[in-house]
>>> print(open('final-v8.pdb').read())   # PDB, C-alpha atoms
MODEL        1
ATOM      1  CA  MET A   1       4.205  36.271  -9.080
ATOM      2  CA  PRO A   2       0.553  36.785  -8.181
ATOM      3  CA  VAL A   3      -0.147  37.848  -4.612
ATOM      4  CA  ILE A   4      -3.443  36.656  -3.176
ATOM      5  CA  LYS A   5      -4.771  38.489  -0.136
ATOM      6  CA  ARG A   6      -6.924  36.607   2.343
ATOM      7  CA  TYR A   7      -9.448  38.760   4.155
ATOM      8  CA  PRO A   8     -10.923  38.144   7.629
ATOM      9  CA  ASN A   9     -14.147  36.905   5.967
ATOM     10  CA  ARG A  10     -11.946  34.202   4.312
ATOM     11  CA  LYS A  11     -12.387  35.660   0.832
ATOM     12  CA  LEU A  12      -9.340  35.511  -1.413
ATOM     13  CA  TYR A  13      -8.433  38.461  -3.645
ATOM     14  CA  ASP A  14      -6.009  38.187  -6.578
ATOM     15  CA  THR A  15      -4.127  41.496  -6.607
ATOM     16  CA  GLU A  16      -2.749  40.828 -10.095
ATOM     17  CA  SER A  17      -6.085  40.328 -11.872
ATOM     18  CA  LYS A  18      -7.956  42.593  -9.409
ATOM     19  CA  ARG A  19     -10.742  40.109  -8.644
ATOM     20  CA  TYR A  20     -11.822  37.608  -6.032
ATOM     21  CA  ILE A  21     -10.616  34.050  -6.565
ATOM     22  CA  THR A  22     -11.560  30.645  -5.211
ATOM     23  CA  LEU A  23      -9.324  27.867  -3.935
ATOM     24  CA  GLU A  24     -10.004  26.078  -7.233
ATOM     25  CA  GLY A  25      -8.834  29.188  -9.092
ATOM     26  CA  ILE A  26      -5.575  29.167  -7.133
ATOM     27  CA  ALA A  27      -5.186  25.430  -7.834
ATOM     28  CA  GLU A  28      -5.624  26.132 -11.555
ATOM     29  CA  MET A  29      -2.913  28.820 -11.431
ATOM     30  CA  ILE A  30      -0.560  26.323  -9.797
ATOM     31  CA  ARG A  31      -1.409  23.637 -12.380
ATOM     32  CA  GLU A  32      -0.436  26.180 -15.042
ATOM     33  CA  GLY A  33       2.996  26.357 -13.393
ATOM     34  CA  ARG A  34       2.550  29.767 -11.770
ATOM     35  CA  GLU A  35       3.963  30.538  -8.345
ATOM     36  CA  VAL A  36       1.540  32.219  -5.961
ATOM     37  CA  THR A  37       1.839  33.816  -2.563
ATOM     38  CA  ILE A  38      -1.123  34.098  -0.210
ATOM     39  CA  ILE A  39      -0.891  36.665   2.576
ATOM     40  CA  ASP A  40      -3.242  37.732   5.340
ATOM     41  CA  HIS A  41      -4.652  41.158   4.429
ATOM     42  CA  THR A  42      -4.511  42.432   8.018
ATOM     43  CA  THR A  43      -1.309  40.941   9.440
ATOM     44  CA  GLU A  44       0.676  40.384   6.186
ATOM     45  CA  GLU A  45       1.405  36.851   7.472
ATOM     46  CA  ASP A  46       2.306  34.367   4.722
ATOM     47  CA  LEU A  47      -0.574  31.886   4.442
ATOM     48  CA  THR A  48       0.626  30.148   1.283
ATOM     49  CA  ALA A  49       1.351  26.766   2.870
ATOM     50  CA  VAL A  50      -1.901  26.744   4.853
ATOM     51  CA  THR A  51      -3.938  27.638   1.767
ATOM     52  CA  LEU A  52      -2.204  25.030  -0.373
ATOM     53  CA  THR A  53      -2.993  22.466   2.305
ATOM     54  CA  GLN A  54      -6.645  23.531   2.082
ATOM     55  CA  ILE A  55      -6.517  23.016  -1.682
ATOM     56  CA  ILE A  56      -5.138  19.495  -1.208
ATOM     57  CA  PHE A  57      -7.841  18.835   1.407
ATOM     58  CA  GLU A  58     -10.606  20.039  -0.947
ATOM     59  CA  GLN A  59      -9.265  17.959  -3.829
ATOM     60  CA  GLU A  60      -9.114  14.923  -1.568
ATOM     61  CA  LYS A  61     -12.746  15.502  -0.528
ATOM     62  CA  LYS A  62     -13.881  15.810  -4.158
ATOM     63  CA  GLU A  63     -11.779  13.125  -5.792
ATOM     64  CA  GLY A  64     -11.160  10.709  -2.935
ATOM     65  CA  GLY A  65      -7.761   9.158  -3.434
ATOM     66  CA  PHE A  66      -6.036  12.289  -4.763
ATOM     67  CA  LEU A  67      -3.165  11.254  -2.514
ATOM     68  CA  PRO A  68      -2.868   7.676  -1.284
ATOM     69  CA  LYS A  69      -3.869   7.168   2.348
ATOM     70  CA  SER A  70      -0.439   5.729   3.107
ATOM     71  CA  VAL A  71       1.237   8.959   1.907
ATOM     72  CA  LEU A  72      -1.064  11.113   4.044
ATOM     73  CA  THR A  73      -0.621   8.863   7.081
ATOM     74  CA  GLY A  74       3.139   8.888   6.612
ATOM     75  CA  LEU A  75       3.207  12.694   6.420
ATOM     76  CA  VAL A  76       1.306  13.005   9.686
ATOM     77  CA  ARG A  77       3.262  10.248  11.402
ATOM     78  CA  THR A  78       6.812  11.295  10.567
ATOM     79  CA  GLY A  79       6.621  14.920   9.493
ATOM     80  CA  GLY A  80       9.491  16.232   7.362
ATOM     81  CA  ASP A  81      11.351  12.938   7.049
ATOM     82  CA  THR A  82       8.569  11.590   4.836
ATOM     83  CA  LEU A  83       8.941  14.440   2.350
ATOM     84  CA  ASN A  84      12.371  13.264   1.306
ATOM     85  CA  THR A  85      11.005   9.758   0.784
ATOM     86  CA  LEU A  86       8.000  11.155  -1.088
ATOM     87  CA  ARG A  87      10.247  13.285  -3.285
ATOM     88  CA  ARG A  88      12.449  10.304  -4.146
ATOM     89  CA  GLY A  89       9.444   8.124  -4.870
ATOM     90  CA  LEU A  90       7.670  10.669  -7.059
ATOM     91  CA  SER A  91      10.624  12.197  -8.877
ATOM     92  CA  VAL A  92      11.523  11.160 -12.390
ATOM     93  CA  PRO A  93      13.947   8.240 -12.399
ATOM     94  CA  LEU A  94      17.235   8.728 -14.176
ATOM     95  CA  ASP A  95      16.494   5.823 -16.488
ATOM     96  CA  LEU A  96      13.140   7.208 -17.605
ATOM     97  CA  VAL A  97      13.783   6.553 -21.299
ATOM     98  CA  LYS A  98      14.440   2.868 -20.621
ATOM     99  CA  GLN A  99      11.334   2.613 -18.459
ATOM    100  CA  VAL A 100       9.216   4.309 -21.127
ATOM    101  CA  ASP A 101      10.570   1.899 -23.770
ATOM    102  CA  ASN A 102       9.775  -1.081 -21.535
ATOM    103  CA  GLU A 103       6.266   0.205 -20.883
ATOM    104  CA  ILE A 104       5.646   0.791 -24.611
ATOM    105  CA  GLU A 105       6.817  -2.740 -25.329
ATOM    106  CA  ARG A 106       4.632  -4.185 -22.562
ATOM    107  CA  ARG A 107       1.489  -2.311 -23.629
ATOM    108  CA  LEU A 108       1.910  -3.194 -27.290
ATOM    109  CA  GLN A 109       2.417  -6.873 -26.414
ATOM    110  CA  GLU A 110      -0.726  -6.739 -24.284
ATOM    111  CA  LEU A 111      -2.741  -5.218 -27.159
ATOM    112  CA  ILE A 112      -1.424  -7.857 -29.558
ATOM    113  CA  SER A 113      -2.205 -10.710 -27.146
ATOM    114  CA  LYS A 114      -5.769  -9.396 -26.648
ATOM    115  CA  GLY A 115      -6.236  -9.258 -30.406
ATOM    116  CA  GLU A 116      -6.801  -5.484 -30.367
ATOM    117  CA  LEU A 117      -3.766  -4.945 -32.572
ATOM    118  CA  ALA A 118      -2.292  -7.043 -35.375
ATOM    119  CA  LYS A 119       1.219  -8.320 -34.723
ATOM    120  CA  GLU A 120       2.654  -6.555 -37.796
ATOM    121  CA  GLU A 121       1.005  -3.269 -36.819
ATOM    122  CA  GLY A 122       2.283  -3.686 -33.259
ATOM    123  CA  LEU A 123       5.838  -4.253 -34.466
ATOM    124  CA  ARG A 124       5.611  -1.233 -36.767
ATOM    125  CA  LEU A 125       4.306   0.939 -33.924
ATOM    126  CA  ARG A 126       6.952  -0.406 -31.548
ATOM    127  CA  ASP A 127       9.718   0.456 -33.998
ATOM    128  CA  LYS A 128       8.347   3.976 -34.412
ATOM    129  CA  LEU A 129       7.751   4.562 -30.706
ATOM    130  CA  LEU A 130      11.053   3.149 -29.553
ATOM    131  CA  SER A 131      12.906   5.154 -32.164
ATOM    132  CA  PHE A 132      11.213   8.323 -30.829
ATOM    133  CA  SER A 133      12.617   7.756 -27.362
ATOM    134  CA  GLY A 134      16.134   7.021 -28.561
ATOM    135  CA  GLN A 135      16.715   9.713 -31.162
ATOM    136  CA  ASP A 136      15.713  13.201 -32.160
ATOM    137  CA  THR A 137      14.877  13.811 -35.774
ATOM    138  CA  ASP A 138      13.940  17.035 -37.458
ATOM    139  CA  GLU A 139      11.832  15.250 -40.071
ATOM    140  CA  PRO A 140       8.171  14.947 -39.113
ATOM    141  CA  ASP A 141       6.754  11.430 -39.252
ATOM    142  CA  LEU A 142       4.111  11.091 -41.948
ATOM    143  CA  ASP A 143       1.934   8.933 -39.659
ATOM    144  CA  GLU A 144       2.408  11.123 -36.583
ATOM    145  CA  ARG A 145      -1.253  12.147 -36.388
ATOM    146  CA  ASP A 146      -2.387   8.502 -36.600
ATOM    147  CA  LEU A 147       0.139   7.554 -33.956
ATOM    148  CA  GLN A 148      -1.022  10.312 -31.617
ATOM    149  CA  THR A 149      -4.637   9.284 -32.120
ATOM    150  CA  PHE A 150      -3.805   5.642 -31.381
ATOM    151  CA  LEU A 151      -1.790   6.500 -28.249
ATOM    152  CA  SER A 152      -4.444   8.853 -26.930
ATOM    153  CA  LYS A 153      -7.172   6.253 -27.584
ATOM    154  CA  HIS A 154      -5.224   3.809 -25.407
ATOM    155  CA  ASP A 155      -4.545   6.382 -22.647
ATOM    156  CA  VAL A 156      -0.779   6.641 -23.187
ATOM    157  CA  PRO A 157       0.259  10.019 -21.706
ATOM    158  CA  THR A 158       2.107  12.516 -23.848
ATOM    159  CA  ARG A 159       5.562  13.822 -23.025
ATOM    160  CA  ASP A 160       4.003  17.225 -22.215
ATOM    161  CA  GLU A 161       1.590  15.588 -19.767
ATOM    162  CA  ILE A 162       4.450  13.783 -18.027
ATOM    163  CA  VAL A 163       6.512  16.989 -17.843
ATOM    164  CA  SER A 164       3.481  18.854 -16.456
ATOM    165  CA  LEU A 165       2.918  16.178 -13.800
ATOM    166  CA  ASN A 166       6.578  16.320 -12.811
ATOM    167  CA  ARG A 167       6.386  20.119 -12.443
ATOM    168  CA  GLN A 168       3.292  19.749 -10.281
ATOM    169  CA  ILE A 169       5.052  17.157  -8.116
ATOM    170  CA  GLU A 170       8.070  19.427  -7.668
ATOM    171  CA  LEU A 171       5.829  22.380  -6.799
ATOM    172  CA  LEU A 172       3.771  20.323  -4.356
ATOM    173  CA  THR A 173       6.920  18.996  -2.704
ATOM    174  CA  ALA A 174       8.352  22.496  -2.297
ATOM    175  CA  GLN A 175       5.069  23.742  -0.868
ATOM    176  CA  LEU A 176       4.837  20.817   1.549
ATOM    177  CA  ASP A 177       8.410  21.517   2.647
ATOM    178  CA  GLY A 178       7.379  25.123   3.362
ATOM    179  CA  LEU A 179       4.306  24.007   5.286
ATOM    180  CA  LEU A 180       6.339  21.642   7.430
ATOM    181  CA  ALA A 181       8.948  24.328   8.094
ATOM    182  CA  GLU A 182       6.185  26.710   9.215
ATOM    183  CA  ALA A 183       4.623  24.029  11.401
ATOM    184  CA  ASN A 184       7.993  23.239  12.985
ATOM    185  CA  GLN A 185       8.630  26.956  13.628
ATOM    186  CA  ALA A 186       5.189  27.351  15.192
ATOM    187  CA  LYS A 187       5.762  24.248  17.325
ATOM    188  CA  ALA A 188       9.186  25.482  18.419
ATOM    189  CA  GLY A 189       7.691  28.881  19.221
ATOM    190  CA  ALA A 190       4.883  27.311  21.254
ATOM    191  CA  GLU A 191       7.336  25.127  23.171
ATOM    192  CA  GLY A 192       9.559  28.114  23.821
ATOM    193  CA  THR A 193       6.580  30.125  25.155
ATOM    194  CA  GLY A 194       5.516  27.225  27.375
ATOM    195  CA  LYS A 195       8.997  26.991  28.959
ATOM    196  CA  ASP A 196       8.973  30.668  29.903
ATOM    197  CA  ASN A 197       5.848  30.254  32.043
TER
ENDMDL
END
>>> encode(input="final-v8.pdb", output="structure tokens")
Amino acid sequence: MPVIKRYPNRKLYDTESKRYITLEGIAEMIREGREVTIIDHTTEEDLTAVTLTQIIFEQEKKEGGFLPKSVLTGLVRTGGDTLNTLRRGLSVPLDLVKQVDNEIERRLQELISKGELAKEEGLRLRDKLLSFSGQDTDEPDLDERDLQTFLSKHDVPTRDEIVSLNRQIELLTAQLDGLLAEANQAKAGAEGTGKDN
């Protein structure tokens, strides 16, 4: 696991690749599925959660709407309780295959009704797509390349993209849990110090 050291001048140094790295570089590592740890160079304090929060903040500034306002407001308002709700809402449902089949059916019907796809072609595609979700075959489909081109043209995500998004959601949830735990510890420590005075 790469260890990133944060220096007093706020520069970040990747000890694995022996070079300075930006917040965007750390975000890219996380998107690739890599675990990272960020520590303060001087104090050895774990700054992973704080840095990941900065990454989310920067992405929100750039993209606007990276996370829905209601999710952000809920996190601030209720703290850790919201994470469980967020995790349930973002995790993959158990009936994913059925939902994917329903969505394929809906999108194909929409394309047919708009006249962007002939009914016969839509039925043929539906049969192929729905059979993919319900069975595994070792034989490659002769029209697989055409099918992939069609699906990509109509912005249907691939299985790999969905799996990647789910990994990112799980990683983000774990990191948010860590951030909240740190915040709660800091709050408890501050309250404990205040009582002693």
>>> residues_around(input="final-v8.pdb", residues="Gly122 of chain A", least_positions_apart="6", cutoff="12 Å", atoms="all atoms listed in the file", output="list in words")
Ile104, Glu105, Arg106, Arg107, Leu108, Gln109, Glu110, Leu111, Ile112, Ser113, Lys114, Gly115, Glu116, Lys128, Leu129, Leu130, Leu147 and Phe150 of chain A
>>> residues_around(input="final-v8.pdb", residues="segment 25-36 of chain A", least_positions_apart="5", cutoff="8 Å", atoms="only C-alpha atoms", output="short mmCIF file (atom, residue, chain, number, x, y, z; two decimals) with C-alpha atoms, in the frame of the given file")
data_model
loop_
_atom_site.label_atom_id
_atom_site.label_comp_id
_atom_site.auth_asym_id
_atom_site.auth_seq_id
_atom_site.Cartn_x
_atom_site.Cartn_y
_atom_site.Cartn_z
CA MET A 1 4.20 36.27 -9.08
CA PRO A 2 0.55 36.78 -8.18
CA VAL A 3 -0.15 37.85 -4.61
CA ILE A 4 -3.44 36.66 -3.18
CA THR A 48 0.63 30.15 1.28
CA ILE A 55 -6.52 23.02 -1.68
CA SER A 164 3.48 18.85 -16.46
CA ARG A 167 6.39 20.12 -12.44
CA GLN A 168 3.29 19.75 -10.28
#
>>> resolve_selection(input="final-v8.pdb", expression="the PyMOL selection byres ((chain A and resi 10) around 12)", output="ChimeraX atom specification")
/A:4-9,11-13,20-23,38-42,47,51
>>> write_last_selection(input="final-v8.pdb", atoms="C-alpha atoms", output="short mmCIF file (atom, residue, chain, number, x, y, z; two decimals), in the frame of the given file")
data_model
loop_
_atom_site.label_atom_id
_atom_site.label_comp_id
_atom_site.auth_asym_id
_atom_site.auth_seq_id
_atom_site.Cartn_x
_atom_site.Cartn_y
_atom_site.Cartn_z
CA ILE A 4 -3.44 36.66 -3.18
CA LYS A 5 -4.77 38.49 -0.14
CA ARG A 6 -6.92 36.61 2.34
CA TYR A 7 -9.45 38.76 4.16
CA PRO A 8 -10.92 38.14 7.63
CA ASN A 9 -14.15 36.90 5.97
CA LYS A 11 -12.39 35.66 0.83
CA LEU A 12 -9.34 35.51 -1.41
CA TYR A 13 -8.43 38.46 -3.64
CA TYR A 20 -11.82 37.61 -6.03
CA ILE A 21 -10.62 34.05 -6.56
CA THR A 22 -11.56 30.64 -5.21
CA LEU A 23 -9.32 27.87 -3.94
CA ILE A 38 -1.12 34.10 -0.21
CA ILE A 39 -0.89 36.66 2.58
CA ASP A 40 -3.24 37.73 5.34
CA HIS A 41 -4.65 41.16 4.43
CA THR A 42 -4.51 42.43 8.02
CA LEU A 47 -0.57 31.89 4.44
CA THR A 51 -3.94 27.64 1.77
#
>>> axis_aligned_box(input="final-v8.pdb", around="segment 13-31 of chain A", padding_each_side="4 Å", output="JSON")
{"center_x": -6.2, "center_y": 33.1, "center_z": -8.0, "size_x": 19.3, "size_y": 27.0, "size_z": 16.7}
>>> atom_distance(input="final-v8.pdb", atom1="atom CA of Leu125 of chain A", atom2="atom CA of Asn166 of chain A")
26.2 Å
>>> atom_distance(input="final-v8.pdb", atom1="atom CA of Gly192 of chain A", atom2="atom CA of Asp177 of chain A")
22.2 Å
>>> atom_distance(input="final-v8.pdb", atom1="atom CA of Leu172 of chain A", atom2="atom CA of Leu52 of chain A")
8.6 Å
